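Novice: Quick one, input.cif (mmCIF, C-alpha atoms):
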```cif
data_run
loop_
_atom_site.label_atom_id
_atom_site.label_comp_id
_atom_site.auth_asym_id
_atom_site.auth_seq_id
_atom_site.Cartn_x
_atom_site.Cartn_y
_atom_site.Cartn_z
CA MET A 427 -65.50 27.13 -6.43
CA PHE A 428 -67.09 24.70 -8.88
CA ASP A 429 -65.05 25.59 -11.89
CA ARG A 430 -62.73 22.61 -12.05
CA LEU A 431 -65.23 19.79 -12.22
CA ASP A 432 -65.57 17.50 -15.19
CA PRO A 433 -69.01 17.04 -16.77
CA ALA A 434 -69.66 13.81 -14.86
CA ALA A 435 -68.88 15.48 -11.52
CA ARG A 436 -71.13 18.40 -12.45
CA ASP A 437 -73.87 15.92 -13.17
CA VAL A 438 -73.34 14.39 -9.72
CA LEU A 439 -73.65 17.78 -8.02
CA ASP A 440 -76.64 18.59 -10.20
CA ARG A 441 -78.38 15.46 -8.99
CA ALA A 442 -77.32 16.17 -5.41
CA ALA A 443 -78.86 19.63 -5.54
CA ARG A 444 -82.04 18.31 -7.11
CA GLN A 445 -82.36 15.69 -4.37
CA ALA A 446 -81.80 18.35 -1.72
CA ARG A 447 -84.57 20.44 -3.25
CA GLU A 448 -86.92 17.50 -3.41
CA LEU A 449 -86.30 16.77 0.27
CA HIS A 450 -86.95 20.48 0.96
CA HIS A 451 -83.53 20.81 2.54
CA ARG A 452 -82.03 24.26 2.59
CA HIS A 453 -78.52 23.17 1.76
CA VAL A 454 -76.52 20.59 -0.14
CA GLY A 455 -74.23 18.47 2.01
CA THR A 456 -71.97 15.49 1.55
CA GLU A 457 -74.96 13.20 2.08
CA HIS A 458 -76.70 14.62 -0.99
CA VAL A 459 -73.52 14.26 -3.02
CA LEU A 460 -73.30 10.63 -1.95
CA LEU A 461 -76.84 10.16 -3.20
CA GLY A 462 -75.91 11.98 -6.39
CA LEU A 463 -72.94 9.68 -6.90
CA VAL A 464 -75.10 6.60 -6.54
CA LEU A 465 -77.80 7.99 -8.82
CA ALA A 466 -75.39 9.09 -11.52
CA GLY A 467 -74.44 5.52 -12.40
CA GLY A 468 -71.02 4.54 -13.72
CA PRO A 469 -68.11 2.82 -12.01
CA VAL A 470 -68.25 4.90 -8.82
CA ALA A 471 -71.95 4.18 -8.37
CA ARG A 472 -71.18 0.51 -8.90
CA LEU A 473 -68.52 0.59 -6.17
CA LEU A 474 -71.12 1.95 -3.77
CA THR A 475 -74.03 -0.21 -4.87
CA ASP A 476 -71.88 -3.33 -4.55
CA ARG A 477 -71.33 -2.39 -0.92
CA GLY A 478 -75.01 -2.20 -0.15
CA CYS A 479 -75.53 1.50 -0.76
CA GLY A 480 -78.06 1.70 -3.56
CA PRO A 481 -80.05 4.85 -4.29
CA ARG A 482 -82.98 3.73 -2.13
CA ASP A 483 -80.71 2.85 0.81
CA VAL A 484 -78.90 6.17 0.77
CA HIS A 485 -82.14 8.11 0.31
CA ALA A 486 -83.75 6.28 3.23
CA GLU A 487 -80.69 6.92 5.43
CA ILE A 488 -80.81 10.64 4.67
CA VAL A 489 -84.52 10.84 5.46
CA ASN A 490 -83.86 8.88 8.66
CA ARG A 491 -81.14 11.19 9.86
CA VAL A 492 -82.07 14.58 8.54
CA GLY A 493 -85.76 14.16 7.90
CA GLU A 494 -87.63 16.07 5.27
CA GLY A 495 -87.74 19.80 5.37
CA HIS A 496 -90.87 21.88 5.11
CA PRO A 497 -92.02 22.91 1.71
CA GLN A 498 -91.73 26.63 1.99
CA GLY A 499 -93.42 27.72 -1.10
CA ARG A 500 -91.98 30.12 -3.58
CA PRO A 501 -91.57 33.77 -2.69
CA GLY A 502 -94.44 34.66 -5.00
CA GLU A 503 -96.93 32.55 -3.09
CA LEU A 504 -95.71 33.79 0.28
CA LEU A 505 -95.87 37.42 -0.79
CA ALA A 506 -99.33 36.91 -2.23
CA GLY A 507 -100.36 35.98 1.31
CA LEU A 508 -99.21 39.39 2.45
CA GLY A 509 -101.22 41.03 -0.30
CA ILE A 510 -98.26 41.76 -2.55
CA ASP A 511 -98.55 41.02 -6.23
CA LEU A 512 -95.00 39.94 -7.02
CA ALA A 513 -95.63 39.71 -10.74
CA GLU A 514 -96.72 43.35 -10.77
CA VAL A 515 -93.72 44.45 -8.68
CA ARG A 516 -91.41 42.70 -11.08
CA ARG A 517 -93.18 44.06 -14.15
CA ARG A 518 -92.78 47.62 -12.89
CA ALA A 519 -89.16 47.09 -11.87
CA GLU A 520 -88.36 45.72 -15.30
CA ALA A 521 -90.27 48.51 -17.01
CA THR A 522 -88.28 51.10 -15.05
CA PHE A 523 -84.81 49.62 -14.96
CA GLY A 524 -84.83 46.95 -17.67
CA ALA A 525 -84.95 43.18 -17.32
CA GLU A 526 -81.18 42.97 -17.37
CA ALA A 527 -80.76 45.21 -14.33
CA VAL A 528 -83.37 43.23 -12.42
CA ALA A 529 -81.62 39.94 -13.18
CA GLN A 530 -78.27 41.49 -12.18
CA VAL A 531 -79.58 42.52 -8.80
CA ALA A 532 -81.23 39.19 -8.19
CA LEU A 533 -77.97 37.40 -8.93
CA ARG A 534 -76.09 39.17 -6.15
CA PRO A 535 -74.97 36.61 -3.59
CA ARG A 536 -76.85 36.79 -0.32
CA PRO A 537 -75.97 34.00 2.07
CA ARG A 538 -78.41 33.20 4.85
CA HIS A 539 -75.58 31.96 7.01
CA ARG A 540 -72.67 34.30 7.32
CA HIS A 541 -70.09 31.60 6.77
CA TRP A 542 -71.94 29.65 4.13
CA PRO A 543 -70.76 30.14 0.61
CA VAL A 544 -73.52 31.19 -1.69
CA VAL A 545 -74.46 28.87 -4.46
CA ARG A 546 -74.09 31.07 -7.48
CA ARG A 547 -75.88 30.74 -10.74
CA TRP A 548 -73.37 28.31 -12.19
CA TRP A 549 -74.07 25.85 -9.43
CA PRO A 550 -75.29 22.95 -11.54
CA GLY A 551 -78.43 22.50 -9.47
CA CYS A 552 -79.85 25.92 -10.14
CA ASP A 553 -83.04 25.78 -12.14
CA GLY A 554 -81.81 26.14 -15.68
CA GLY A 555 -79.09 28.54 -14.63
CA ARG A 556 -81.46 30.83 -12.75
CA PRO A 557 -80.24 32.15 -9.42
CA CYS A 558 -81.15 30.25 -6.31
CA ALA A 559 -82.47 32.98 -4.11
CA SER A 560 -84.40 35.88 -5.45
CA ALA A 561 -87.73 37.27 -4.40
CA LEU A 562 -88.03 39.29 -7.59
CA LEU A 563 -87.35 36.31 -9.81
CA ASP A 564 -89.37 34.03 -7.53
CA THR A 565 -86.64 31.48 -6.85
CA GLU A 566 -85.62 29.73 -3.67
CA TRP A 567 -82.34 29.57 -1.84
CA LEU A 568 -80.10 26.54 -1.77
CA GLY A 569 -76.85 26.66 0.13
CA CYS A 570 -73.73 24.58 0.07
CA ALA A 571 -72.77 23.27 3.49
CA PRO A 572 -69.32 24.45 4.63
CA ARG A 573 -68.01 20.92 4.85
CA LEU A 574 -69.02 20.19 1.28
CA LYS A 575 -67.23 23.32 0.13
CA ARG A 576 -64.08 22.16 1.90
CA VAL A 577 -64.43 18.71 0.35
CA ILE A 578 -64.85 20.12 -3.17
CA ASP A 579 -61.95 22.50 -2.67
CA ALA A 580 -59.75 19.62 -1.51
CA ALA A 581 -60.79 17.50 -4.48
CA GLN A 582 -59.97 20.34 -6.87
CA LEU A 583 -56.60 20.92 -5.26
CA ARG A 584 -55.70 17.28 -5.53
CA ALA A 585 -56.88 16.89 -9.10
CA ALA A 586 -55.19 20.07 -10.36
CA PRO A 587 -54.46 20.78 -13.10
CA ALA A 588 -56.92 18.13 -14.28
CA GLN A 589 -60.63 18.35 -13.51
CA VAL A 590 -62.33 16.56 -10.65
CA SER A 591 -64.07 13.33 -11.61
CA PRO A 592 -66.86 11.69 -9.59
CA ALA A 593 -64.19 9.35 -8.19
CA GLY A 594 -62.27 12.40 -7.02
CA LEU A 595 -65.40 13.67 -5.24
CA LEU A 596 -65.91 10.36 -3.46
CA ALA A 597 -62.21 10.17 -2.54
CA ALA A 598 -62.35 13.68 -1.07
CA ILE A 599 -65.48 12.85 0.94
CA LEU A 600 -63.78 9.73 2.33
CA ASP A 601 -60.55 11.58 3.09
CA GLU A 602 -62.36 14.33 4.95
CA GLY A 603 -64.02 11.56 6.88
CA HIS A 604 -66.52 13.38 9.13
CA GLY A 605 -69.42 14.18 6.85
CA LEU A 606 -72.84 12.65 7.04
CA ALA A 607 -71.96 10.68 3.90
CA CYS A 608 -69.15 8.91 5.75
CA ARG A 609 -71.38 8.17 8.71
CA ILE A 610 -74.03 6.73 6.43
CA LEU A 611 -71.44 4.53 4.72
CA ALA A 612 -69.93 3.40 8.03
CA ASP A 613 -73.32 2.58 9.52
CA ARG A 614 -74.19 0.50 6.49
CA GLY A 615 -71.15 -1.62 7.25
CA VAL A 616 -68.95 -0.28 4.45
CA ASP A 617 -65.24 -0.70 5.05
CA LEU A 618 -64.15 2.91 4.50
CA PRO A 619 -60.39 2.32 4.05
CA GLY A 620 -61.25 -0.55 1.72
CA LEU A 621 -63.58 1.66 -0.31
CA ARG A 622 -60.95 4.37 -0.42
CA ALA A 623 -58.42 1.90 -1.79
CA ALA A 624 -60.95 0.67 -4.35
CA VAL A 625 -61.65 4.22 -5.50
CA ARG A 626 -57.95 4.84 -5.88
CA SER A 627 -57.14 1.67 -7.77
CA ALA A 628 -60.24 1.24 -9.90
CA PRO A 629 -59.58 1.85 -13.59
CA LEU A 630 -61.91 4.80 -13.79
CA PRO A 631 -62.46 6.85 -16.90
CA GLY A 632 -61.12 10.33 -16.66
CA GLY A 633 -57.99 9.10 -14.91
CA GLN A 634 -57.13 11.08 -11.78
CA ALA A 635 -58.98 8.68 -9.53
CA GLY A 636 -57.79 10.83 -6.70
CA ALA A 637 -54.61 9.01 -5.82
CA MET B 1237 -96.91 19.34 -3.67
CA ARG B 1238 -100.21 18.75 -1.91
CA GLN B 1239 -98.94 20.94 0.90
CA LEU B 1240 -98.05 23.64 -1.57
CA ALA B 1241 -101.62 23.64 -2.79
CA THR B 1242 -102.91 24.57 0.65
CA LEU B 1243 -100.11 27.02 1.25
CA ALA B 1244 -101.85 29.98 -0.28
CA GLU B 1245 -104.72 29.70 2.21
CA ALA B 1246 -102.36 29.04 5.09
CA VAL B 1247 -100.39 32.22 4.61
CA ASP B 1248 -102.90 34.64 6.03
CA SER B 1249 -103.79 32.26 8.84
CA ARG B 1250 -101.97 32.51 12.13
CA GLU B 1251 -99.49 29.79 11.25
CA PRO B 1252 -96.02 31.12 12.25
CA GLU B 1253 -94.24 28.90 9.76
CA THR B 1254 -95.75 30.52 6.70
CA GLY B 1255 -96.01 33.94 8.26
CA LEU B 1256 -92.31 34.09 9.05
CA ALA B 1257 -91.36 32.69 5.66
CA ALA B 1258 -93.51 35.35 4.04
CA VAL B 1259 -91.77 38.08 6.02
CA ALA B 1260 -88.38 36.67 5.03
CA ALA B 1261 -89.44 36.72 1.37
CA LEU B 1262 -90.60 40.30 1.78
CA ARG B 1263 -87.25 41.26 3.27
CA THR B 1264 -85.42 39.72 0.32
CA LEU B 1265 -87.72 41.62 -2.02
CA VAL B 1266 -87.00 44.89 -0.23
CA ASP B 1267 -83.25 44.22 -0.41
CA GLU B 1268 -83.46 43.61 -4.14
CA LEU B 1269 -85.53 46.70 -4.78
CA GLU B 1270 -83.13 48.72 -2.67
CA ALA B 1271 -80.19 47.43 -4.70
CA LEU B 1272 -81.97 48.37 -7.93
CA HIS B 1273 -82.69 51.90 -6.80
CA VAL B 1274 -79.26 52.47 -5.29
CA ALA B 1275 -77.57 51.27 -8.49
CA ASN B 1276 -79.81 53.62 -10.47
CA ALA B 1277 -78.99 56.55 -8.20
CA ARG B 1278 -75.26 55.84 -8.40
CA SER B 1279 -75.35 55.64 -12.17
CA ARG B 1280 -76.97 59.10 -12.17
CA GLY B 1281 -74.10 60.43 -10.13
CA TRP B 1282 -75.70 60.57 -6.70
CA THR B 1283 -73.25 60.52 -3.80
CA TRP B 1284 -73.38 57.82 -1.14
CA GLN B 1285 -74.24 60.55 1.33
CA ALA B 1286 -77.31 61.62 -0.65
CA ILE B 1287 -78.47 58.03 -1.10
CA ALA B 1288 -77.99 57.26 2.59
CA GLU B 1289 -80.07 60.29 3.60
CA ARG B 1290 -83.01 59.18 1.46
CA LEU B 1291 -82.78 55.62 2.79
CA GLY B 1292 -82.50 56.81 6.35
CA VAL B 1293 -79.28 54.96 7.08
CA SER B 1294 -75.66 55.99 7.50
CA ARG B 1295 -73.39 56.68 4.54
CA GLN B 1296 -71.01 53.96 5.70
CA SER B 1297 -73.65 51.26 5.88
CA VAL B 1298 -75.13 51.98 2.47
CA HIS B 1299 -71.66 52.00 0.94
CA LYS B 1300 -70.71 48.76 2.66
CA LYS B 1301 -73.84 47.08 1.39
CA HIS B 1302 -73.91 48.32 -2.18
CA ARG B 1303 -70.39 49.08 -3.32
CA ARG B 1304 -69.27 47.11 -6.34
CA GLY B 1305 -66.53 44.54 -6.03
CA ARG B 1306 -64.56 44.02 -2.88
#
```
In structure tokens, write the structure found in this file.
Specialist:
Amino acid sequence: MFDRLDPAARDVLDRAARQARELHHRHVGTEHVLLGLVLAGGPVARLLTDRGCGPRDVHAEIVNRVGEGHPQGRPGELLAGLGIDLAEVRRRAEATFGAEAVAQVALRPRPRHRHWPVVRRWWPGCDGGRPCASALLDTEWLGCAPRLKRVIDAAQLRAAPAQVSPAGLLAAILDEGHGLACRILADRGVDLPGLRAAVRSAPLPGGQAGA
Amino acid sequence: MRQLATLAEAVDSREPETGLAAVAALRTLVDELEALHVANARSRGWTWQAIAERLGVSRQSVHKKHRRGR
């Protein structure tokens, strides 16, 4: 799902996921990717910043609309409250089956929502490549909203056989047109067709501006 | 972060938020331990039927949950 992204686009999604975690959101949506695009810098960020969508503006809009989630605490802390020593459980599991087997099991995809794709370990926002949801490994879950998956798939289809650039991500978000990112842009007075044309025509590195 | 600091004390209080999250974490833990033990049993040649009996579920459901690949 995320295999045809260029390094810059991976960086954008990485930032998006990190922002989602910091806001204690349980998923990454187009709004986080918009924030990631602005934060990543470069020509695409400049296009957005020039239209009055700086990092602070986008962040404030997201907090306004979605709010901040609740810090849930890591599984280890929660289980400690139930009287379970997670470190000991893990130590015994690893002693019995080996650390490799434990990591294997923890990496199995387990979506919370039936139709939500699971963010696997190569999702750029995972902590240093660790899986996103494992009680044994004490990591939290982070999903990818269905709309964002569609947007990324569309961007990859359009860019094929090349890789998706940040411009391609933005173009796909604009083309899809119904995400929170688009609503944020529209409400900030951005001319969406104009921005789309600018993304297409801008001399962006990596070519494949998403035309 | 400051909320995280107080979380440990909040867990065994009657706060539903943390209580439910703790139960969800426990369920994930049980799932992972189950997967470990089922994989171990399979690698030792246990049948799905035998595994299902020990887990107290049907053969079909344990196979659906733990079979490799799709």
Novice: Need to verify the contact set: Asp579 in chain A, 12 Å, all atoms listed in the file, exclusion of same-chain residues closer than 6 positions in sequence. Can you return it as a compact mmCIF listing (two decimals) with C-alpha atoms, in the frame of the given file?
Specialist:
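Result file is around21.txt:
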```
# COMPACT_ATOMS: atom_id res chain seq x y z
CA MET A 427 -65.50 27.13 -6.43
CA PHE A 428 -67.09 24.70 -8.88
CA ASP A 429 -65.05 25.59 -11.89
CA ARG A 430 -62.73 22.61 -12.05
CA LEU A 431 -65.23 19.79 -12.22
CA PRO A 572 -69.32 24.45 4.63
CA ARG A 573 -68.01 20.92 4.85
CA ALA A 585 -56.88 16.89 -9.10
CA ALA A 586 -55.19 20.07 -10.36
CA GLN A 589 -60.63 18.35 -13.51
CA VAL A 590 -62.33 16.56 -10.65
CA GLY A 594 -62.27 12.40 -7.02
CA LEU A 595 -65.40 13.67 -5.24
CA ALA A 598 -62.35 13.68 -1.07
CA ILE A 599 -65.48 12.85 0.94
CA GLU A 602 -62.36 14.33 4.95
```
Novice: Tell me, in Å to one decimal, how far CA of Leu1269 in chain B is from CA of Ala443 in chain A.
Specialist: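 Atom-to-atom, CA of Leu1269 in chain B to CA of Ala443 in chain A, that is 27.9 Å.
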Novice: Which is closest to Ala1260 in chain B among A:Ala561, A:Val464, A:Ala525, A:Ala580, if we use all atoms listed in the file?
Specialist: A:Ala561
Novice: Using all atoms listed in the file, find each residue in chain A having at least one atom no more than 6 Å away from chain B; report its shortest atom-to-atom pair and that distance in Å (one decimal), rows by chain then rising number, as a Markdown table.
Specialist:
```
| residue | atom | partner | partner_atom | distance |
| --- | --- | --- | --- | --- |
| A:Pro501 | CA | B:Ala1261 | CA | 5.5 |
| A:Leu504 | CA | B:Ala1258 | CA | 4.6 |
| A:Leu505 | CA | B:Ala1258 | CA | 5.8 |
| A:Gly507 | CA | B:Val1247 | CA | 5.0 |
| A:Ala561 | CA | B:Leu1265 | CA | 5.0 |
```
Novice: Please write the residues picked by the PyMOL selection byres ((chain B and resi 1297-1302) around 7) on this file as a PyMOL selection string.
Specialist: chain B and resi 1271+1284+1288+1293-1296+1303-1304
Novice: Given the file above and the PyMOL selection byres ((chain A and resi 480-482) around 10), which residues are selected, and can you give them as a compact mmCIF listing (two decimals) with C-alpha atoms, in the frame of the given file?
Specialist:
```txt
# COMPACT_ATOMS: atom_id res chain seq x y z
CA LEU A 460 -73.30 10.63 -1.95
CA LEU A 461 -76.84 10.16 -3.20
CA GLY A 462 -75.91 11.98 -6.39
CA LEU A 463 -72.94 9.68 -6.90
CA VAL A 464 -75.10 6.60 -6.54
CA LEU A 465 -77.80 7.99 -8.82
CA ALA A 466 -75.39 9.09 -11.52
CA GLY A 467 -74.44 5.52 -12.40
CA ALA A 471 -71.95 4.18 -8.37
CA ARG A 472 -71.18 0.51 -8.90
CA LEU A 473 -68.52 0.59 -6.17
CA LEU A 474 -71.12 1.95 -3.77
CA THR A 475 -74.03 -0.21 -4.87
CA ASP A 476 -71.88 -3.33 -4.55
CA ARG A 477 -71.33 -2.39 -0.92
CA GLY A 478 -75.01 -2.20 -0.15
CA CYS A 479 -75.53 1.50 -0.76
CA ASP A 483 -80.71 2.85 0.81
CA VAL A 484 -78.90 6.17 0.77
CA HIS A 485 -82.14 8.11 0.31
CA ALA A 486 -83.75 6.28 3.23
CA GLU A 487 -80.69 6.92 5.43
CA ILE A 488 -80.81 10.64 4.67
```
Novice: Emit as AutoDock Vina command-line options the padded axis-aligned box for all listed atoms of range 1286-1297 of chain B, 6 Å per side, with centre and edge lengths in Å to one decimal.
Specialist:
```
--center_x -77.0 --center_y 56.4 --center_z 3.2 --size_x 24.0 --size_y 22.4 --size_z 20.6
```
Novice: What's the separation between CA of Leu600 in chain A and CA of Arg622 in chain A, in Å to one decimal place?
Specialist: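 A separation of 6.7 Å between them.
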Novice: Determine the nearest neighbour of Val459 in chain A from the options A:Ala612, A:Leu574, A:Leu621, A:Ala506, counting all atoms listed in the file.
Specialist: A:Leu574
Novice: Just to confirm, what's the straight-line distance from CA of Gly569 in chain A to CA of Arg452 in chain A in Å (one decimal)?
Specialist: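 Atom-to-atom, CA of Gly569 in chain A and CA of Arg452 in chain A are spaced 6.2 Å apart.
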Novice: Mind checking which residues fall within 12 Å of Val489 in chain A, counting all atoms listed in the file, ignoring those fewer than 3 positions away in the same chain, and posting them as number ranges by chain?
Specialist: A: 445-446, 448-451, 457-458, 461, 482-486, 492-495, 606, 610
